[in-house]
file model.txt (compact mmCIF, C-alpha atoms)
# COMPACT_ATOMS: atom_id res chain seq x y z
CA MET A 95 0.00 0.00 0.00
CA ASN A 96 2.83 2.41 0.84
CA ARG A 97 4.47 1.83 -2.55
CA ILE A 98 1.26 2.70 -4.37
CA TYR A 99 0.79 5.81 -2.23
CA TYR A 100 4.40 6.81 -2.90
CA LYS A 101 4.02 6.34 -6.67
CA ILE A 102 0.77 8.31 -6.76
CA SER A 103 2.35 11.12 -4.70
CA LEU A 104 5.35 11.18 -6.99
CA LEU A 105 3.12 11.32 -10.05
CA PHE A 106 1.14 14.25 -8.64
CA CYS A 107 4.34 16.11 -7.78
CA LEU A 108 5.63 15.58 -11.29
CA LEU A 109 2.37 16.75 -12.85
CA PHE A 110 2.27 19.90 -10.71
CA THR A 111 5.90 20.64 -11.52
CA LEU A 112 5.26 20.24 -15.24
CA ALA A 113 2.16 22.42 -15.00
CA GLY A 114 4.26 25.14 -13.34
CA VAL A 115 6.90 24.91 -16.04
CA THR A 116 4.22 25.08 -18.72
CA ALA A 117 2.65 28.14 -17.09
CA GLN A 118 6.05 29.85 -16.82
CA THR A 119 6.78 29.08 -20.45
CA LYS A 120 3.39 30.42 -21.59
CA GLU A 121 3.95 33.62 -19.60
CA TYR A 122 7.45 34.02 -21.03
CA ILE A 123 6.23 33.50 -24.60
CA THR A 124 3.33 35.92 -24.10
CA LYS A 125 5.67 38.55 -22.69
CA TYR A 126 8.34 38.32 -25.39
CA ARG A 127 6.26 37.34 -28.44
CA PRO A 128 5.75 40.96 -29.63
CA LEU A 129 9.51 41.60 -29.44
CA ALA A 130 10.30 38.33 -31.21
CA ASP A 131 7.69 39.07 -33.90
CA SER A 132 9.25 42.45 -34.66
CA LEU A 133 12.77 41.03 -34.73
CA ALA A 134 11.65 38.11 -36.92
CA ALA A 135 10.26 40.59 -39.44
CA GLU A 136 13.37 42.79 -39.27
CA TYR A 137 16.01 40.03 -39.43
CA GLY A 138 14.20 37.32 -41.41
CA ILE A 139 14.66 34.76 -38.64
CA PRO A 140 11.59 32.65 -37.78
CA VAL A 141 9.87 33.79 -34.61
CA GLY A 142 9.79 30.18 -33.42
CA VAL A 143 13.57 29.99 -33.62
CA ILE A 144 14.03 33.20 -31.66
CA LEU A 145 11.50 32.32 -28.97
CA GLY A 146 12.31 28.61 -28.86
CA ILE A 147 15.99 29.28 -28.27
CA ALA A 148 15.18 32.00 -25.73
CA VAL A 149 12.84 29.69 -23.80
CA VAL A 150 15.40 26.89 -23.62
CA GLU A 151 18.47 29.04 -22.94
CA SER A 152 16.73 31.18 -20.32
CA SER A 153 14.64 28.44 -18.69
CA SER A 154 11.57 30.51 -19.55
CA GLY A 155 13.13 33.58 -17.98
CA LYS A 156 13.97 31.91 -14.66
CA ALA A 157 17.68 31.27 -15.27
CA ARG A 158 20.35 33.03 -13.25
CA ASN A 159 21.73 34.71 -16.37
CA VAL A 160 18.36 36.33 -17.05
CA LYS A 161 17.91 37.52 -13.49
CA LEU A 162 21.42 38.88 -13.04
CA LEU A 163 22.43 39.84 -16.57
CA ASN A 164 19.28 40.16 -18.73
CA ASN A 165 20.95 37.48 -20.88
CA HIS A 166 18.27 35.31 -22.51
CA PHE A 167 20.50 33.41 -24.94
CA GLY A 168 23.61 32.39 -23.00
CA MET A 169 25.76 34.89 -24.89
CA VAL A 170 29.35 35.11 -23.72
CA GLY A 171 30.94 38.50 -23.03
CA LYS A 172 31.72 41.15 -20.46
CA ASN A 173 29.71 41.84 -17.34
CA HIS A 174 30.00 43.70 -14.04
CA LEU A 175 29.14 40.91 -11.60
CA MET A 176 32.63 40.39 -10.22
CA LYS A 177 32.82 44.05 -9.20
CA THR A 178 29.26 44.38 -7.90
CA LYS A 179 28.36 40.96 -6.45
CA LYS A 180 31.66 39.04 -6.37
CA ILE A 181 30.23 36.54 -8.86
CA LYS A 182 32.50 35.30 -11.62
CA THR A 183 30.74 34.40 -14.86
CA ARG A 184 31.61 34.43 -18.54
CA TYR A 185 28.18 35.56 -19.70
CA LYS A 186 27.46 38.98 -21.13
CA TYR A 187 25.45 41.68 -19.37
CA TYR A 188 22.61 43.46 -21.20
CA PRO A 189 20.77 46.54 -19.92
CA ASN A 190 17.42 44.94 -20.80
CA ALA A 191 15.81 41.97 -22.53
CA THR A 192 15.45 43.81 -25.83
CA ALA A 193 19.21 44.29 -26.03
CA SER A 194 19.71 40.56 -25.42
CA PHE A 195 17.24 39.56 -28.15
CA VAL A 196 18.75 42.05 -30.62
CA SER A 197 22.26 40.80 -29.82
CA PHE A 198 21.19 37.23 -30.61
CA CYS A 199 19.70 38.32 -33.95
CA ASN A 200 22.84 40.30 -34.77
CA LEU A 201 24.94 37.24 -33.99
CA MET A 202 22.86 35.23 -36.46
CA THR A 203 23.50 37.82 -39.20
CA ARG A 204 27.24 37.19 -38.85
CA LYS A 205 26.94 33.45 -39.43
CA LYS A 206 27.73 31.95 -42.85
CA PHE A 207 24.29 30.38 -43.19
CA TYR A 208 22.37 33.62 -42.58
CA LYS A 209 22.20 34.96 -46.13
CA LYS A 210 21.01 31.61 -47.43
CA LEU A 211 18.31 31.18 -44.78
CA LYS A 212 17.17 34.79 -44.26
CA GLY A 213 13.41 34.92 -44.78
CA ASN A 214 13.05 31.12 -44.79
CA ILE A 215 10.40 30.06 -42.26
CA ASN A 216 11.59 26.44 -41.95
CA TYR A 217 12.73 26.35 -38.32
CA LYS A 218 14.32 22.91 -38.75
CA LEU A 219 16.80 24.29 -41.29
CA TRP A 220 17.59 27.18 -38.97
CA LEU A 221 18.13 24.99 -35.91
CA THR A 222 20.40 22.63 -37.82
CA ALA A 223 22.45 25.52 -39.22
CA ILE A 224 22.70 27.29 -35.85
CA SER A 225 23.75 24.08 -34.17
CA LYS A 226 26.37 23.30 -36.82
CA SER A 227 27.79 26.82 -36.39
CA GLY A 228 28.77 25.89 -32.83
CA TYR A 229 26.02 27.74 -30.95
CA SER A 230 24.94 24.67 -28.99
CA GLU A 231 27.28 22.40 -27.08
CA LEU A 232 24.97 19.36 -27.28
CA PRO A 233 23.10 19.48 -30.61
CA SER A 234 21.55 16.04 -30.11
CA VAL A 235 19.74 17.37 -27.03
CA TRP A 236 19.41 21.05 -27.96
CA ILE A 237 17.62 20.67 -31.30
CA PRO A 238 14.89 18.32 -29.97
CA ARG A 239 14.28 20.56 -26.94
CA ILE A 240 13.79 23.66 -29.07
CA THR A 241 11.76 21.74 -31.63
CA SER A 242 9.50 20.56 -28.81
CA ILE A 243 8.98 24.14 -27.59
CA ILE A 244 8.20 25.34 -31.13
CA LYS A 245 5.69 22.54 -31.70
CA ASN A 246 4.06 22.53 -28.25
CA TYR A 247 3.52 26.29 -28.20
CA LYS A 248 2.72 26.55 -31.93
CA LEU A 249 5.53 29.02 -32.57
CA SER A 250 6.05 28.04 -36.20
CA ALA A 251 2.64 29.32 -37.29
CA ASN A 252 1.94 32.94 -38.08
CA ARG A 253 -0.47 34.66 -35.74
call {"tool": "encode", "arguments": {"input": "model.txt", "output": "structure tokens"}}
result
Amino acid sequence: MNRIYYKISLLFCLLFTLAGVTAQTKEYITKYRPLADSLAAEYGIPVGVILGIAVVESSSGKARNVKLLNNHFGMVGKNHLMKTKKIKTRYKYYPNATASFVSFCNLMTRKKFYKKLKGNINYKLWLTAISKSGYSELPSVWIPRITSIIKNYKLSANR
């Protein structure tokens, strides 16, 4: 009887945790969708790619880098944390989320694949190209995670 109770309790905990993650992700997407839409139009990068990567890299806005550095994409660069909080990190500081999103889009424009893919809405091509360019450290995990976000939250469709 105790084993069944334990398994049921564990299942409920898992479901509530997943529901919380889903709610956080929905909130994050709702908050940053207008920004991602405008950058997608400006840079020719699919909105699903921008938001999918941001969701994964920032843990839906809950990651330490977002809270301390406004860094939604895990971009490496200079920051002030060692001077202000005695925290050593290699990630770049941004004054706000918009600067982080723009920096990511600017990085994409400097990649070899950009000219070929600009304006193409096929997120799978983009994710493969971004991954091959060295953006992700574990492409076999990274691509499916972002693909899942894009599919589950219907980020590949136009609004």
call {"tool": "residues_around", "arguments": {"input": "model.txt", "residues": "Ser153 of chain A", "least_positions_apart": "3", "cutoff": "9 Å", "atoms": "only C-alpha atoms", "output": "list in words"}}
result
Val115, Gln118, Thr119, Ala148, Val149, Val150, Lys156, Ala157, Val160 and His166 of chain A
call {"tool": "closest_residue", "arguments": {"input": "model.txt", "among": "A:Asn200, A:Ser227, A:Asn173, A:Ser234", "to": "Ile144 of chain A", "atoms": "only C-alpha atoms"}}
result
A:Asn200
call {"tool": "atom_distance", "arguments": {"input": "model.txt", "atom1": "atom CA of Leu129 of chain A", "atom2": "atom CA of Lys206 of chain A"}}
result
24.6 Å
call {"tool": "residues_near_point", "arguments": {"input": "model.txt", "point": "(21.7, 37.5, -23.7)", "cutoff": "10 Å", "atoms": "all atoms listed in the file", "output": "list in words"}}
result
Ala148, Glu151, Ser152, Asn159, Val160, Leu163, Asn164, Asn165, His166, Phe167, Gly168, Met169, Val170, Gly171, Tyr185, Lys186, Tyr187, Tyr188, Pro189, Asn190, Ala191, Thr192, Ala193, Ser194, Phe195, Val196, Ser197 and Phe198 of chain A
call {"tool": "residues_around", "arguments": {"input": "model.txt", "residues": "Ile147 of chain A", "least_positions_apart": "2", "cutoff": "12 Å", "atoms": "all atoms listed in the file", "output": "ChimeraX atom specification"}}
result
/A:123,130,139-145,149-155,166-169,195,198-199,217,220-221,224-225,229-230,236-244,249
call {"tool": "closest_residue", "arguments": {"input": "model.txt", "among": "A:Gly146, A:Arg158, A:Gly228, A:Lys180", "to": "Ser250 of chain A", "atoms": "only C-alpha atoms"}}
result
A:Gly146
call {"tool": "axis_aligned_box", "arguments": {"input": "model.txt", "around": "segment 133-147 of chain A", "padding_each_side": "3 Å", "output": "lines of an AutoDock Vina configuration file"}}
result
center_x = 12.9
center_y = 35.7
center_z = -34.8
size_x = 12.2
size_y = 20.2
size_z = 19.1
call {"tool": "build_atoms", "arguments": {"input": "model.txt", "residues": "segment 228-239 of chain A", "atoms": "all heavy atoms", "output": "PDB file, keeping the file's coordinate frame"}}
result
ATOM      1  N   GLY A 228      28.117  25.948 -34.129  1.00  0.00           N
ATOM      2  CA  GLY A 228      28.770  25.890 -32.830  1.00  0.00           C
ATOM      3  C   GLY A 228      28.010  26.573 -31.710  1.00  0.00           C
ATOM      4  O   GLY A 228      28.503  26.681 -30.598  1.00  0.00           O
ATOM      5  N   TYR A 229      26.794  27.033 -31.978  1.00  0.00           N
ATOM      6  CA  TYR A 229      26.020  27.740 -30.950  1.00  0.00           C
ATOM      7  C   TYR A 229      25.680  26.823 -29.779  1.00  0.00           C
ATOM      8  O   TYR A 229      25.738  27.235 -28.637  1.00  0.00           O
ATOM      9  CB  TYR A 229      24.750  28.331 -31.560  1.00  0.00           C
ATOM     10  CG  TYR A 229      23.954  29.170 -30.599  1.00  0.00           C
ATOM     11  CD1 TYR A 229      24.257  30.512 -30.406  1.00  0.00           C
ATOM     12  CD2 TYR A 229      22.915  28.630 -29.866  1.00  0.00           C
ATOM     13  CE1 TYR A 229      23.535  31.285 -29.511  1.00  0.00           C
ATOM     14  CE2 TYR A 229      22.188  29.391 -28.967  1.00  0.00           C
ATOM     15  CZ  TYR A 229      22.505  30.717 -28.800  1.00  0.00           C
ATOM     16  OH  TYR A 229      21.792  31.479 -27.909  1.00  0.00           O
ATOM     17  N   SER A 230      25.306  25.589 -30.071  1.00  0.00           N
ATOM     18  CA  SER A 230      24.940  24.670 -28.990  1.00  0.00           C
ATOM     19  C   SER A 230      26.070  23.687 -28.726  1.00  0.00           C
ATOM     20  O   SER A 230      26.757  23.261 -29.640  1.00  0.00           O
ATOM     21  CB  SER A 230      23.666  23.907 -29.351  1.00  0.00           C
ATOM     22  OG  SER A 230      23.925  22.984 -30.373  1.00  0.00           O
ATOM     23  N   GLU A 231      26.221  23.348 -27.459  1.00  0.00           N
ATOM     24  CA  GLU A 231      27.280  22.400 -27.080  1.00  0.00           C
ATOM     25  C   GLU A 231      26.825  20.957 -27.225  1.00  0.00           C
ATOM     26  O   GLU A 231      27.638  20.069 -27.401  1.00  0.00           O
ATOM     27  CB  GLU A 231      27.732  22.694 -25.655  1.00  0.00           C
ATOM     28  CG  GLU A 231      28.429  24.042 -25.534  1.00  0.00           C
ATOM     29  CD  GLU A 231      28.819  24.383 -24.106  1.00  0.00           C
ATOM     30  OE1 GLU A 231      28.605  23.553 -23.198  1.00  0.00           O
ATOM     31  OE2 GLU A 231      29.327  25.493 -23.897  1.00  0.00           O
ATOM     32  N   LEU A 232      25.525  20.708 -27.151  1.00  0.00           N
ATOM     33  CA  LEU A 232      24.970  19.360 -27.280  1.00  0.00           C
ATOM     34  C   LEU A 232      23.832  19.362 -28.298  1.00  0.00           C
ATOM     35  O   LEU A 232      22.651  19.329 -27.921  1.00  0.00           O
ATOM     36  CB  LEU A 232      24.447  18.851 -25.935  1.00  0.00           C
ATOM     37  CG  LEU A 232      25.479  18.576 -24.861  1.00  0.00           C
ATOM     38  CD1 LEU A 232      24.805  18.307 -23.526  1.00  0.00           C
ATOM     39  CD2 LEU A 232      26.340  17.391 -25.254  1.00  0.00           C
ATOM     40  N   PRO A 233      24.143  19.393 -29.591  1.00  0.00           N
ATOM     41  CA  PRO A 233      23.100  19.480 -30.610  1.00  0.00           C
ATOM     42  C   PRO A 233      22.076  18.353 -30.544  1.00  0.00           C
ATOM     43  O   PRO A 233      20.899  18.568 -30.829  1.00  0.00           O
ATOM     44  CB  PRO A 233      23.860  19.411 -31.933  1.00  0.00           C
ATOM     45  CG  PRO A 233      25.286  19.602 -31.610  1.00  0.00           C
ATOM     46  CD  PRO A 233      25.477  19.346 -30.160  1.00  0.00           C
ATOM     47  N   SER A 234      22.485  17.163 -30.146  1.00  0.00           N
ATOM     48  CA  SER A 234      21.550  16.040 -30.110  1.00  0.00           C
ATOM     49  C   SER A 234      20.471  16.225 -29.041  1.00  0.00           C
ATOM     50  O   SER A 234      19.412  15.608 -29.107  1.00  0.00           O
ATOM     51  CB  SER A 234      22.304  14.726 -29.874  1.00  0.00           C
ATOM     52  OG  SER A 234      22.952  14.751 -28.624  1.00  0.00           O
ATOM     53  N   VAL A 235      20.719  17.064 -28.066  1.00  0.00           N
ATOM     54  CA  VAL A 235      19.740  17.370 -27.030  1.00  0.00           C
ATOM     55  C   VAL A 235      19.066  18.713 -27.325  1.00  0.00           C
ATOM     56  O   VAL A 235      17.856  18.874 -27.177  1.00  0.00           O
ATOM     57  CB  VAL A 235      20.417  17.412 -25.636  1.00  0.00           C
ATOM     58  CG1 VAL A 235      19.450  17.850 -24.554  1.00  0.00           C
ATOM     59  CG2 VAL A 235      21.034  16.066 -25.303  1.00  0.00           C
ATOM     60  N   TRP A 236      19.859  19.678 -27.751  1.00  0.00           N
ATOM     61  CA  TRP A 236      19.410  21.050 -27.960  1.00  0.00           C
ATOM     62  C   TRP A 236      18.341  21.155 -29.038  1.00  0.00           C
ATOM     63  O   TRP A 236      17.289  21.763 -28.815  1.00  0.00           O
ATOM     64  CB  TRP A 236      20.641  21.900 -28.314  1.00  0.00           C
ATOM     65  CG  TRP A 236      20.447  23.367 -28.407  1.00  0.00           C
ATOM     66  CD1 TRP A 236      20.409  24.256 -27.374  1.00  0.00           C
ATOM     67  CD2 TRP A 236      20.324  24.138 -29.599  1.00  0.00           C
ATOM     68  NE1 TRP A 236      20.265  25.530 -27.862  1.00  0.00           N
ATOM     69  CE2 TRP A 236      20.215  25.485 -29.224  1.00  0.00           C
ATOM     70  CE3 TRP A 236      20.300  23.821 -30.952  1.00  0.00           C
ATOM     71  CZ2 TRP A 236      20.076  26.518 -30.142  1.00  0.00           C
ATOM     72  CZ3 TRP A 236      20.164  24.851 -31.873  1.00  0.00           C
ATOM     73  CH2 TRP A 236      20.052  26.182 -31.470  1.00  0.00           C
ATOM     74  N   ILE A 237      18.574  20.571 -30.187  1.00  0.00           N
ATOM     75  CA  ILE A 237      17.620  20.670 -31.300  1.00  0.00           C
ATOM     76  C   ILE A 237      16.256  20.068 -30.922  1.00  0.00           C
ATOM     77  O   ILE A 237      15.228  20.725 -31.119  1.00  0.00           O
ATOM     78  CB  ILE A 237      18.186  20.055 -32.600  1.00  0.00           C
ATOM     79  CG1 ILE A 237      19.325  20.931 -33.128  1.00  0.00           C
ATOM     80  CG2 ILE A 237      17.095  19.911 -33.657  1.00  0.00           C
ATOM     81  CD1 ILE A 237      20.054  20.342 -34.327  1.00  0.00           C
ATOM     82  N   PRO A 238      16.208  18.855 -30.356  1.00  0.00           N
ATOM     83  CA  PRO A 238      14.890  18.320 -29.970  1.00  0.00           C
ATOM     84  C   PRO A 238      14.168  19.157 -28.906  1.00  0.00           C
ATOM     85  O   PRO A 238      12.947  19.281 -28.933  1.00  0.00           O
ATOM     86  CB  PRO A 238      15.200  16.919 -29.438  1.00  0.00           C
ATOM     87  CG  PRO A 238      16.495  16.550 -30.053  1.00  0.00           C
ATOM     88  CD  PRO A 238      17.252  17.829 -30.220  1.00  0.00           C
ATOM     89  N   ARG A 239      14.909  19.730 -27.981  1.00  0.00           N
ATOM     90  CA  ARG A 239      14.280  20.560 -26.940  1.00  0.00           C
ATOM     91  C   ARG A 239      13.628  21.794 -27.546  1.00  0.00           C
ATOM     92  O   ARG A 239      12.492  22.145 -27.218  1.00  0.00           O
ATOM     93  CB  ARG A 239      15.308  20.990 -25.890  1.00  0.00           C
ATOM     94  CG  ARG A 239      15.667  19.873 -24.937  1.00  0.00           C
ATOM     95  CD  ARG A 239      16.639  20.305 -23.874  1.00  0.00           C
ATOM     96  NE  ARG A 239      16.005  21.249 -22.949  1.00  0.00           N
ATOM     97  CZ  ARG A 239      16.694  22.058 -22.162  1.00  0.00           C
ATOM     98  NH1 ARG A 239      18.008  22.044 -22.182  1.00  0.00           N
ATOM     99  NH2 ARG A 239      16.078  22.874 -21.352  1.00  0.00           N
TER     100      ARG A 239
END
